[in-house]
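Text of work.txt (compact mmCIF, C-alpha atoms and all ligand atoms) as supplied:
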```
# COMPACT_ATOMS: atom_id res chain seq x y z
CA MET L 241 0.00 0.00 0.00
CA GLN L 242 2.76 2.39 -1.06
CA SER L 243 0.42 5.15 -2.27
CA PHE L 244 -1.10 5.51 1.20
CA PRO L 245 0.61 7.46 3.98
CA ASP L 246 2.37 5.76 6.90
CA GLY L 247 -0.23 4.88 9.53
CA PHE L 248 -3.07 4.98 6.98
CA ARG L 249 -6.57 4.29 8.28
CA ALA L 250 -8.92 1.80 6.62
CA LEU L 251 -12.51 0.74 7.00
CA VAL L 252 -14.01 -2.48 5.64
CA LEU L 253 -17.80 -2.69 5.48
CA GLY L 254 -19.19 -6.22 5.29
CA SER L 255 -16.13 -7.61 7.07
CA SER L 256 -18.07 -10.76 8.03
CA GLY L 257 -18.12 -11.82 4.36
CA ALA L 258 -15.45 -13.87 2.62
CA ILE L 259 -13.79 -11.06 0.65
CA GLY L 260 -14.39 -8.42 3.34
CA ALA L 261 -12.87 -10.59 6.10
CA ALA L 262 -9.80 -11.37 4.00
CA ALA L 263 -9.32 -7.69 3.13
CA LEU L 264 -9.67 -6.66 6.77
CA GLN L 265 -7.14 -9.26 7.91
CA GLN L 266 -4.60 -8.15 5.30
CA LEU L 267 -5.04 -4.50 6.23
CA GLN L 268 -4.71 -5.26 9.96
CA GLN L 269 -1.48 -7.14 9.27
CA HIS L 270 -0.06 -4.48 6.96
CA PRO L 271 2.96 -2.81 8.58
CA ARG L 272 1.99 0.67 7.37
CA CYS L 273 -1.66 0.48 8.36
CA GLY L 274 -2.34 2.42 11.56
CA LEU L 275 -5.99 1.47 11.97
CA ALA L 276 -8.20 -1.06 10.21
CA ILE L 277 -11.81 -1.35 11.38
CA GLY L 278 -14.35 -3.87 10.16
CA LEU L 279 -18.09 -3.35 10.34
CA HIS L 280 -20.84 -5.87 9.71
CA ARG L 281 -24.33 -6.71 10.90
CA ARG L 282 -23.14 -7.99 14.28
CA SER L 283 -20.26 -5.55 14.91
CA GLN L 284 -20.40 -2.65 17.30
CA PRO L 285 -21.34 -0.24 15.79
CA ALA L 286 -23.36 -2.40 13.41
CA LEU L 287 -23.72 -1.99 9.66
CA ASP L 288 -27.10 -3.41 8.72
CA PHE L 289 -28.98 -2.13 5.69
CA ASP L 290 -32.25 -3.01 7.38
CA GLN L 291 -31.43 -0.35 9.97
CA PRO L 292 -30.64 2.80 7.95
CA GLN L 293 -30.49 4.95 11.07
CA ALA L 294 -27.80 2.64 12.53
CA LEU L 295 -25.80 3.19 9.33
CA GLU L 296 -25.88 6.94 9.83
CA ASP L 297 -25.05 6.52 13.53
CA ALA L 298 -22.10 4.22 12.70
CA ALA L 299 -20.68 6.84 10.33
CA LYS L 300 -20.98 9.47 13.07
CA VAL L 301 -19.16 7.25 15.59
CA LEU L 302 -16.39 6.43 13.11
CA ALA L 303 -15.88 10.05 12.10
CA ALA L 304 -14.02 10.49 15.40
CA GLN L 305 -11.47 7.88 14.29
CA GLY L 306 -11.04 9.22 10.75
CA PRO L 307 -10.41 10.61 8.27
CA PHE L 308 -10.03 7.31 6.40
CA HIS L 309 -7.69 6.71 3.48
CA LEU L 310 -9.40 3.53 2.33
CA ILE L 311 -13.04 2.47 2.62
CA LEU L 312 -13.98 -0.86 1.06
CA ASN L 313 -17.65 -1.80 0.90
CA ALA L 314 -17.74 -5.60 0.49
CA THR L 315 -21.45 -6.12 1.21
CA GLY L 316 -23.83 -7.77 -1.22
CA SER L 317 -26.24 -10.65 -1.61
CA LEU L 318 -27.22 -12.99 -4.44
CA HIS L 319 -29.29 -15.62 -2.65
CA GLY L 320 -30.87 -16.10 0.76
CA GLN L 321 -32.64 -13.24 2.61
CA GLY L 322 -35.63 -13.80 0.32
CA LEU L 323 -33.41 -13.72 -2.78
CA ARG L 324 -33.13 -16.32 -5.51
CA PRO L 325 -31.48 -15.55 -8.86
CA GLU L 326 -34.15 -15.72 -11.56
CA LYS L 327 -33.53 -17.67 -14.75
CA ARG L 328 -36.69 -16.58 -16.59
CA LEU L 329 -39.03 -13.59 -16.74
CA ALA L 330 -41.72 -15.88 -15.35
CA GLU L 331 -39.78 -16.06 -12.08
CA LEU L 332 -39.78 -12.28 -11.48
CA ASP L 333 -41.33 -11.40 -8.15
CA ALA L 334 -41.88 -7.84 -6.96
CA GLN L 335 -40.72 -8.42 -3.38
CA ARG L 336 -37.58 -10.33 -4.37
CA LEU L 337 -36.63 -7.69 -6.94
CA ALA L 338 -37.14 -4.94 -4.38
CA ARG L 339 -35.08 -6.87 -1.81
CA SER L 340 -32.17 -7.33 -4.22
CA PHE L 341 -32.21 -3.63 -5.06
CA TYR L 342 -32.38 -2.82 -1.37
CA ILE L 343 -29.34 -4.90 -0.38
CA ASN L 344 -27.20 -4.43 -3.48
CA ALA L 345 -27.94 -0.82 -4.45
CA ILE L 346 -29.88 1.18 -1.86
CA GLY L 347 -27.83 0.09 1.18
CA PRO L 348 -24.54 0.82 -0.61
CA ALA L 349 -26.00 4.18 -1.77
CA LEU L 350 -26.59 5.12 1.86
CA VAL L 351 -23.01 4.05 2.58
CA LEU L 352 -21.88 6.49 -0.12
CA ARG L 353 -24.01 9.19 1.45
CA HIS L 354 -22.80 8.75 5.02
CA PHE L 355 -19.20 7.55 4.53
CA THR L 356 -17.76 9.68 1.68
CA PRO L 357 -17.52 12.66 4.09
CA LEU L 358 -15.13 10.50 6.18
CA LEU L 359 -12.55 10.27 3.35
CA ASP L 360 -9.15 11.87 3.77
CA ARG L 361 -8.52 14.99 1.64
CA GLN L 362 -4.97 14.10 0.55
CA ARG L 363 -5.27 10.45 -0.48
CA ALA L 364 -8.42 8.36 -0.28
CA VAL L 365 -10.09 5.50 -2.12
CA MET L 366 -13.64 4.33 -1.59
CA ALA L 367 -14.29 1.07 -3.42
CA VAL L 368 -17.58 -0.77 -3.62
CA LEU L 369 -17.75 -4.38 -4.72
CA SER L 370 -19.98 -4.59 -7.76
CA ALA L 371 -20.01 -7.52 -10.20
CA ARG L 372 -19.32 -8.00 -13.91
CA VAL L 373 -22.85 -9.36 -14.27
CA GLY L 374 -23.99 -5.79 -13.48
CA SER L 375 -22.46 -4.70 -16.78
CA ILE L 376 -25.17 -4.00 -19.39
CA GLY L 377 -22.60 -4.02 -22.22
CA ASP L 378 -21.19 -7.38 -21.12
CA ASN L 379 -24.52 -9.14 -20.58
CA ARG L 380 -24.42 -12.11 -22.93
CA LEU L 381 -26.01 -14.87 -20.85
CA GLY L 382 -29.09 -13.16 -19.39
CA GLY L 383 -30.75 -14.41 -16.21
CA TRP L 384 -30.19 -13.18 -12.64
CA TYR L 385 -32.53 -10.23 -13.33
CA GLY L 386 -32.62 -8.82 -9.82
CA TYR L 387 -28.91 -9.13 -8.95
CA ARG L 388 -27.74 -7.92 -12.39
CA SER L 389 -29.99 -4.89 -12.44
CA ALA L 390 -29.30 -4.00 -8.79
CA LYS L 391 -25.55 -4.05 -9.48
CA ALA L 392 -26.14 -1.91 -12.62
CA ALA L 393 -28.02 0.56 -10.42
CA LEU L 394 -25.17 0.43 -7.90
CA ASN L 395 -22.73 1.29 -10.70
CA MET L 396 -24.78 4.34 -11.68
CA LEU L 397 -25.01 5.46 -8.05
CA LEU L 398 -21.24 5.09 -7.69
CA LYS L 399 -20.50 6.98 -10.91
CA THR L 400 -22.84 9.82 -9.95
CA ALA L 401 -21.34 10.01 -6.46
CA ALA L 402 -17.84 10.14 -7.98
CA ILE L 403 -18.80 13.21 -10.04
CA GLU L 404 -20.20 15.01 -7.01
CA THR L 405 -17.34 13.97 -4.73
CA ALA L 406 -14.72 15.23 -7.22
CA ARG L 407 -16.05 18.75 -6.65
CA ILE L 408 -15.85 18.45 -2.86
CA ASN L 409 -12.78 16.24 -2.37
CA PRO L 410 -10.69 16.12 -5.59
CA ALA L 411 -8.20 13.65 -4.05
CA ALA L 412 -10.87 11.00 -3.48
CA VAL L 413 -11.16 8.04 -5.86
CA LEU L 414 -14.51 6.24 -5.99
CA LEU L 415 -14.54 2.86 -7.72
CA ALA L 416 -16.88 0.02 -8.60
CA LEU L 417 -14.84 -3.20 -8.55
CA HIS L 418 -15.46 -6.68 -9.91
CA PRO L 419 -13.60 -9.16 -7.68
CA GLY L 420 -13.74 -12.05 -10.17
CA THR L 421 -15.27 -15.39 -9.27
CA VAL L 422 -14.29 -15.98 -5.66
CA ASP L 423 -14.96 -18.96 -3.39
CA SER L 424 -17.57 -17.73 -0.92
CA ALA L 425 -21.04 -18.46 0.42
CA LEU L 426 -22.38 -15.99 -2.15
CA SER L 427 -20.93 -17.80 -5.17
CA ALA L 428 -21.01 -21.41 -3.86
CA PRO L 429 -24.36 -22.55 -5.34
CA PHE L 430 -23.56 -21.11 -8.79
CA ARG L 431 -19.90 -21.82 -9.51
CA GLY L 432 -20.55 -25.27 -11.01
CA ALA L 433 -17.26 -26.66 -12.29
CA GLU L 434 -15.65 -23.22 -12.20
CA ILE L 435 -13.00 -22.94 -9.49
CA GLY L 436 -13.02 -19.45 -8.01
CA ARG L 437 -10.03 -17.62 -6.63
CA SER L 438 -9.60 -17.76 -2.87
CA PRO L 439 -10.91 -14.80 -0.83
CA THR L 440 -7.32 -14.22 0.32
CA GLN L 441 -6.06 -13.91 -3.26
CA ALA L 442 -9.07 -11.84 -4.30
CA ALA L 443 -8.55 -9.40 -1.41
CA ALA L 444 -4.82 -9.11 -2.18
CA ASP L 445 -5.59 -8.36 -5.84
CA LEU L 446 -8.23 -5.77 -4.94
CA LEU L 447 -5.95 -4.03 -2.42
CA ALA L 448 -3.13 -3.92 -5.01
CA LEU L 449 -5.53 -2.35 -7.50
CA ILE L 450 -6.78 0.16 -4.92
CA ASP L 451 -3.16 1.07 -4.16
CA ALA L 452 -2.51 1.81 -7.84
CA VAL L 453 -5.52 4.00 -8.70
CA ARG L 454 -5.33 7.77 -9.10
CA PRO L 455 -8.00 10.52 -8.87
CA THR L 456 -8.34 10.65 -12.68
CA GLN L 457 -9.78 7.12 -12.45
CA SER L 458 -12.54 8.06 -10.04
CA GLY L 459 -15.91 6.84 -11.28
CA SER L 460 -14.44 3.77 -13.02
CA PHE L 461 -15.74 0.21 -13.13
CA LEU L 462 -12.67 -2.03 -12.91
CA ALA L 463 -12.04 -5.76 -12.63
CA TRP L 464 -9.61 -7.16 -10.04
CA ASP L 465 -6.80 -7.28 -12.65
CA GLY L 466 -7.14 -3.54 -13.40
CA SER L 467 -8.99 -3.97 -16.70
CA SER L 468 -12.03 -1.78 -17.41
CA VAL L 469 -15.46 -3.40 -17.33
CA PRO L 470 -17.98 -1.92 -19.79
CA TRP L 471 -20.92 -0.20 -18.11
N1 LIG O 501 -17.86 -14.23 -4.65
C1 LIG O 501 -17.91 -13.91 -5.93
O1 LIG O 501 -17.62 -14.76 -6.81
C2 LIG O 501 -18.31 -12.53 -6.37
C3 LIG O 501 -18.32 -12.23 -7.74
C4 LIG O 501 -18.69 -10.95 -8.15
C5 LIG O 501 -19.04 -9.99 -7.21
N2 LIG O 501 -19.02 -10.30 -5.87
C6 LIG O 501 -19.41 -9.26 -4.91
O2 LIG O 501 -18.43 -9.15 -3.88
C7 LIG O 501 -19.07 -8.75 -2.66
C8 LIG O 501 -18.66 -9.67 -1.53
O3 LIG O 501 -19.03 -10.99 -1.86
P1 LIG O 501 -18.58 -12.28 -1.02
O4 LIG O 501 -18.34 -13.34 -2.03
O5 LIG O 501 -17.51 -11.92 -0.04
O6 LIG O 501 -19.96 -12.60 -0.27
P2 LIG O 501 -20.29 -13.03 1.23
O7 LIG O 501 -19.20 -13.86 1.80
O8 LIG O 501 -21.67 -13.60 1.17
O9 LIG O 501 -20.32 -11.60 2.01
C9 LIG O 501 -21.39 -10.72 1.84
C10 LIG O 501 -21.31 -9.64 2.88
O10 LIG O 501 -22.45 -8.76 2.71
C11 LIG O 501 -23.08 -8.61 3.98
N3 LIG O 501 -24.50 -8.34 3.86
C12 LIG O 501 -25.44 -9.10 3.23
N4 LIG O 501 -26.65 -8.56 3.40
C13 LIG O 501 -26.50 -7.46 4.18
C14 LIG O 501 -27.39 -6.50 4.72
N5 LIG O 501 -28.72 -6.57 4.51
N6 LIG O 501 -26.89 -5.49 5.49
C15 LIG O 501 -25.56 -5.42 5.72
N7 LIG O 501 -24.65 -6.30 5.23
C16 LIG O 501 -25.12 -7.31 4.47
C17 LIG O 501 -22.85 -9.94 4.67
O11 LIG O 501 -23.12 -9.84 6.05
P3 LIG O 501 -23.55 -11.14 6.92
O12 LIG O 501 -22.27 -11.87 7.21
O13 LIG O 501 -24.18 -10.55 8.12
O14 LIG O 501 -24.52 -11.94 6.07
C18 LIG O 501 -21.38 -10.16 4.33
O15 LIG O 501 -20.56 -9.37 5.16
C19 LIG O 501 -20.57 -8.71 -2.95
O16 LIG O 501 -20.96 -7.38 -3.28
C20 LIG O 501 -20.71 -9.57 -4.20
O17 LIG O 501 -21.84 -9.21 -4.96
C21 LIG O 501 -18.66 -11.56 -5.43
```
As structure tokens:
Amino acid sequence: MQSFPDGFRALVLGSSGAIGAAALQQLQQHPRCGLAIGLHRRSQPALDFDQPQALEDAAKVLAAQGPFHLILNATGSLHGQGLRPEKRLAELDAQRLARSFYINAIGPALVLRHFTPLLDRQRAVMAVLSARVGSIGDNRLGGWYGYRSAKAALNMLLKTAAIETARINPAAVLLALHPGTVDSALSAPFRGAEIGRSPTQAAADLLALIDAVRPTQSGSFLAWDGSSVPW
């Protein structure tokens, strides 16, 4: 993490998840990291999208420990919590669609609202884990209506927030990142024969990418290897 100052401060949201936990561990073990805090639904303070007020309160509590140089939002859901990826139009269900949008787009939007003010003004990256399947240009297989479209909405929210944030904090870099296929509870039912990368490797790749990005790249949608993903 050479682009970050000595003693840099980091925040991982969704640190109970596979990628979030691995990223938090690597940041906590990094010799130049002064503070690495993980938040999730059972942490104190808690980060639970079903409690929007708690999200705002958490940001207020953490402001005292900031500003933060790195904020990684690793939350997201594909199945469970009333979600089930749809294969056909006939499977679309209003409540499930709304739930996917709530977890994958609206919760992260509130994170953007409450946590971008915590970013450092000299060097800061806020990255949100999106997914390549949220790319409209790259959609060749179809299916997964709710998750795909919620991640596409997340990408638009991120891009719009990057434009606004550039006016307020020109040093800040806001990114939507695709972590690749990673072994986790989220991907397990859908990987089939595909072997995903380990959460440890995925987190290391994402942190290396975050280290390399510059303010001119704010508002980008990037894959873990640094390549651009079409919107
Ligand atoms: N794994 C992959 O192959 C892959 C591929 C492309 C994109 N991604 C994206 O990468 C991100 C992380 O995925 P992962 O594989 O690490 O998944 P994971 O292990 O299932 O972790 C998901 C995280 O999101 C949190 N979360 C879920 N619902 C929440 C809610 N309502 N409020 C607050 N937090 C909530 C979970 O908290 P709990 O522990 O409390 O449930 C957990 O911390 C997601 O955005 C996912 O879409 C993953």
At most 7 Å is the cut-off: for each residue in chain L with any atom that close to an atom of ligand LIG 501 (chain O), write down the nearest atom pair and the distance in Å rounded to one decimal, counting all atoms listed in the file, chain first then increasing number, as a tab-separated table.
```
residue	atom	partner	partner_atom	distance
L:Gly254	CA	O:LIG501	O15	3.4
L:Ser255	CA	O:LIG501	O15	5.1
L:Ser256	CA	O:LIG501	O15	4.0
L:Gly257	CA	O:LIG501	O9	3.2
L:Ala258	CA	O:LIG501	O7	3.8
L:Ile259	CA	O:LIG501	O5	3.9
L:Gly260	CA	O:LIG501	O5	5.8
L:His280	CA	O:LIG501	O15	5.7
L:Arg281	CA	O:LIG501	O13	4.7
L:Arg282	CA	O:LIG501	O13	6.8
L:Leu287	CA	O:LIG501	C15	5.5
L:Asp288	CA	O:LIG501	N6	3.8
L:Phe289	CA	O:LIG501	N6	4.0
L:Asp290	CA	O:LIG501	N5	5.8
L:Ala314	CA	O:LIG501	C8	4.6
L:Thr315	CA	O:LIG501	O10	3.2
L:Gly316	CA	O:LIG501	O16	3.6
L:Ser317	CA	O:LIG501	C12	5.1
L:Leu318	CA	O:LIG501	O17	6.6
L:Ile343	CA	O:LIG501	N5	5.2
L:Asn344	CA	O:LIG501	O16	6.9
L:Leu369	CA	O:LIG501	O16	4.6
L:Ser370	CA	O:LIG501	O16	5.4
L:Ala371	CA	O:LIG501	C5	4.0
L:Arg372	CA	O:LIG501	C4	6.5
L:His418	CA	O:LIG501	C5	5.6
L:Pro419	CA	O:LIG501	C4	5.4
L:Gly420	CA	O:LIG501	C3	5.2
L:Thr421	CA	O:LIG501	O1	3.5
L:Val422	CA	O:LIG501	O1	3.7
L:Asp423	CA	O:LIG501	N1	5.7
L:Ser424	CA	O:LIG501	O4	4.6
L:Ala425	CA	O:LIG501	O8	5.0
L:Leu426	CA	O:LIG501	O8	4.2
L:Ser427	CA	O:LIG501	N1	4.7
L:Gly436	CA	O:LIG501	O1	6.7
```
Practice prompt. Would you list the contacts of Glu331 (chain L) as a PyMOL selection string, taking every protein, DNA or RNA residue within 12 Å and counting all atoms listed in the file, but skipping same-chain residues closer than 6 positions in sequence?
Written response: chain L and resi 323-325+337+383-386
Item to complete: Please determine the residues with any atom at most 10 Å from (-17.3, -2.3, 14.8) (coordinates as given in the file, with only C-alpha atoms counting) and report them as a PyMOL selection string.
Response: chain L and resi 251-253+255+277-287+298+301-302
Worksheet item: For Gln242 (chain L), which residue among L:Lys300, L:Arg353, L:Arg363, L:Arg336 is the nearest when counting all atoms listed in the file?
Response: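 Of all the options, L:Arg363 lies closest to Gln242 (chain L).
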Give me, as CSV, each residue of region 259-367 of chain L that comes within 10 Å of region 451-470 of chain L, together with its shortest interatomic pair and the distance in Å at one decimal, counting all atoms listed in the file, with rows ordered by chain and rising residue number.
```
residue,atom,partner,partner_atom,distance
L:Leu310,CA,L:Asp451,CA,9.3
L:Arg363,CA,L:Pro455,CA,8.8
L:Ala364,CA,L:Pro455,CA,8.9
L:Val365,CA,L:Val453,CA,8.2
L:Met366,CA,L:Ser458,CA,9.3
L:Ala367,CA,L:Ser458,CA,9.8
```
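In terms of minimum interatomic distance to Ala345 (chain L), L:Arg388 ranks closest within L:Arg437, L:Arg388, L:Arg431, L:Arg249, counting all atoms listed in the file.
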Worksheet item: Using all atoms listed in the file, which of the listed residues (L:Gly320, L:Gly377, L:Pro410, L:Gly347) sits closest to Leu359 (chain L)?
Response: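 Closest to Leu359 (chain L) of all the choices is L:Pro410.
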Discussion item. Counting only C-alpha atoms, which residue out of L:Leu381, L:Leu447, L:Ala261, L:Leu352 sits closest to Thr400 (chain L)?
Written reply: L:Leu352
Fill in: Atom pair CA of Ala294 (chain L) / CA of Tyr342 (chain L): separation (Å)
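Computing it gives 15.6 Å between the two atoms.
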Discussion item. Just the number, please: distance in Å from CA of Arg339 (chain L) to CA of Ile435 (chain L), one decimal.
Written reply: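 Between CA of Arg339 (chain L) and CA of Ile435 (chain L) the gap works out to 28.4 Å.
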Worksheet item: How many Å lie between CA of Pro307 (chain L) and CA of Arg361 (chain L), rounded to one decimal?
Response: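 These atoms are spaced 8.2 Å apart.
The shell of residues at most 8 Å from Trp471 (chain L), with all atoms listed in the file counted and near chain neighbours (fewer than 5 positions) removed, consists of Gly374, Ser375, Ile376, Gly377, Asp378, Ala392, Asn395 and Phe461 of chain L.
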Worksheet item: Using only C-alpha atoms, which residues sit within 7 Å of Val368 (chain L) once same-chain residues fewer than 3 positions away are excluded, as JSON, numbers by chain?
Response: {"L": [312, 313, 314, 415, 416, 417]}
Export of region 271-296 of chain L: N, CA and C atoms, as a PDB file, in the first residue's frame:
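To be explicit, this is the file written out as selection.pdb:
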```
ATOM      1  N   PRO L 271       2.096  -3.581   7.671  1.00  0.00           N
ATOM      2  CA  PRO L 271       2.961  -2.814   8.578  1.00  0.00           C
ATOM      3  C   PRO L 271       2.715  -1.303   8.558  1.00  0.00           C
ATOM      4  N   ARG L 272       2.168  -0.784   7.438  1.00  0.00           N
ATOM      5  CA  ARG L 272       1.986   0.671   7.366  1.00  0.00           C
ATOM      6  C   ARG L 272       0.570   1.106   7.732  1.00  0.00           C
ATOM      7  N   CYS L 273      -0.278   0.136   8.024  1.00  0.00           N
ATOM      8  CA  CYS L 273      -1.661   0.485   8.364  1.00  0.00           C
ATOM      9  C   CYS L 273      -1.772   0.804   9.852  1.00  0.00           C
ATOM     10  N   GLY L 274      -2.239   1.998  10.162  1.00  0.00           N
ATOM     11  CA  GLY L 274      -2.337   2.417  11.562  1.00  0.00           C
ATOM     12  C   GLY L 274      -3.632   1.968  12.216  1.00  0.00           C
ATOM     13  N   LEU L 275      -4.680   1.835  11.419  1.00  0.00           N
ATOM     14  CA  LEU L 275      -5.991   1.469  11.973  1.00  0.00           C
ATOM     15  C   LEU L 275      -6.799   0.793  10.868  1.00  0.00           C
ATOM     16  N   ALA L 276      -7.313  -0.381  11.171  1.00  0.00           N
ATOM     17  CA  ALA L 276      -8.204  -1.061  10.212  1.00  0.00           C
ATOM     18  C   ALA L 276      -9.414  -1.562  10.994  1.00  0.00           C
ATOM     19  N   ILE L 277     -10.572  -1.021  10.661  1.00  0.00           N
ATOM     20  CA  ILE L 277     -11.809  -1.347  11.380  1.00  0.00           C
ATOM     21  C   ILE L 277     -12.742  -2.090  10.429  1.00  0.00           C
ATOM     22  N   GLY L 278     -13.364  -3.141  10.940  1.00  0.00           N
ATOM     23  CA  GLY L 278     -14.352  -3.874  10.156  1.00  0.00           C
ATOM     24  C   GLY L 278     -15.736  -3.698  10.747  1.00  0.00           C
ATOM     25  N   LEU L 279     -16.694  -3.455   9.890  1.00  0.00           N
ATOM     26  CA  LEU L 279     -18.093  -3.351  10.337  1.00  0.00           C
ATOM     27  C   LEU L 279     -18.928  -4.391   9.608  1.00  0.00           C
ATOM     28  N   HIS L 280     -19.886  -4.954  10.326  1.00  0.00           N
ATOM     29  CA  HIS L 280     -20.836  -5.875   9.712  1.00  0.00           C
ATOM     30  C   HIS L 280     -22.101  -5.866  10.561  1.00  0.00           C
ATOM     31  N   ARG L 281     -23.021  -6.791  10.235  1.00  0.00           N
ATOM     32  CA  ARG L 281     -24.331  -6.708  10.896  1.00  0.00           C
ATOM     33  C   ARG L 281     -24.277  -6.972  12.393  1.00  0.00           C
ATOM     34  N   ARG L 282     -23.223  -7.677  12.843  1.00  0.00           N
ATOM     35  CA  ARG L 282     -23.136  -7.992  14.280  1.00  0.00           C
ATOM     36  C   ARG L 282     -21.997  -7.251  14.965  1.00  0.00           C
ATOM     37  N   SER L 283     -21.360  -6.308  14.278  1.00  0.00           N
ATOM     38  CA  SER L 283     -20.262  -5.550  14.912  1.00  0.00           C
ATOM     39  C   SER L 283     -20.846  -4.424  15.757  1.00  0.00           C
ATOM     40  N   GLN L 284     -20.001  -3.788  16.481  1.00  0.00           N
ATOM     41  CA  GLN L 284     -20.399  -2.649  17.299  1.00  0.00           C
ATOM     42  C   GLN L 284     -19.517  -1.448  16.959  1.00  0.00           C
ATOM     43  N   PRO L 285     -19.987  -0.409  16.274  1.00  0.00           N
ATOM     44  CA  PRO L 285     -21.344  -0.239  15.790  1.00  0.00           C
ATOM     45  C   PRO L 285     -21.657  -1.215  14.652  1.00  0.00           C
ATOM     46  N   ALA L 286     -22.936  -1.436  14.431  1.00  0.00           N
ATOM     47  CA  ALA L 286     -23.361  -2.396  13.407  1.00  0.00           C
ATOM     48  C   ALA L 286     -23.590  -1.702  12.066  1.00  0.00           C
ATOM     49  N   LEU L 287     -23.392  -2.476  11.005  1.00  0.00           N
ATOM     50  CA  LEU L 287     -23.716  -1.995   9.665  1.00  0.00           C
ATOM     51  C   LEU L 287     -24.750  -2.959   9.100  1.00  0.00           C
ATOM     52  N   ASP L 288     -26.003  -2.546   9.172  1.00  0.00           N
ATOM     53  CA  ASP L 288     -27.101  -3.407   8.722  1.00  0.00           C
ATOM     54  C   ASP L 288     -28.027  -2.560   7.866  1.00  0.00           C
ATOM     55  N   PHE L 289     -28.175  -2.948   6.594  1.00  0.00           N
ATOM     56  CA  PHE L 289     -28.981  -2.128   5.686  1.00  0.00           C
ATOM     57  C   PHE L 289     -30.452  -2.104   6.074  1.00  0.00           C
ATOM     58  N   ASP L 290     -30.866  -3.044   6.914  1.00  0.00           N
ATOM     59  CA  ASP L 290     -32.250  -3.014   7.383  1.00  0.00           C
ATOM     60  C   ASP L 290     -32.435  -2.023   8.530  1.00  0.00           C
ATOM     61  N   GLN L 291     -31.348  -1.390   8.932  1.00  0.00           N
ATOM     62  CA  GLN L 291     -31.431  -0.351   9.972  1.00  0.00           C
ATOM     63  C   GLN L 291     -30.695   0.901   9.476  1.00  0.00           C
ATOM     64  N   PRO L 292     -31.313   1.645   8.551  1.00  0.00           N
ATOM     65  CA  PRO L 292     -30.637   2.795   7.947  1.00  0.00           C
ATOM     66  C   PRO L 292     -30.163   3.831   8.979  1.00  0.00           C
ATOM     67  N   GLN L 293     -30.912   3.972  10.066  1.00  0.00           N
ATOM     68  CA  GLN L 293     -30.489   4.946  11.073  1.00  0.00           C
ATOM     69  C   GLN L 293     -29.173   4.505  11.727  1.00  0.00           C
ATOM     70  N   ALA L 294     -29.036   3.164  11.930  1.00  0.00           N
ATOM     71  CA  ALA L 294     -27.801   2.635  12.526  1.00  0.00           C
ATOM     72  C   ALA L 294     -26.607   2.897  11.611  1.00  0.00           C
ATOM     73  N   LEU L 295     -26.858   2.900  10.310  1.00  0.00           N
ATOM     74  CA  LEU L 295     -25.797   3.186   9.331  1.00  0.00           C
ATOM     75  C   LEU L 295     -25.287   4.620   9.511  1.00  0.00           C
ATOM     76  N   GLU L 296     -26.232   5.528   9.627  1.00  0.00           N
ATOM     77  CA  GLU L 296     -25.877   6.936   9.833  1.00  0.00           C
ATOM     78  C   GLU L 296     -25.156   7.103  11.178  1.00  0.00           C
TER      79      GLU L 296
END
```
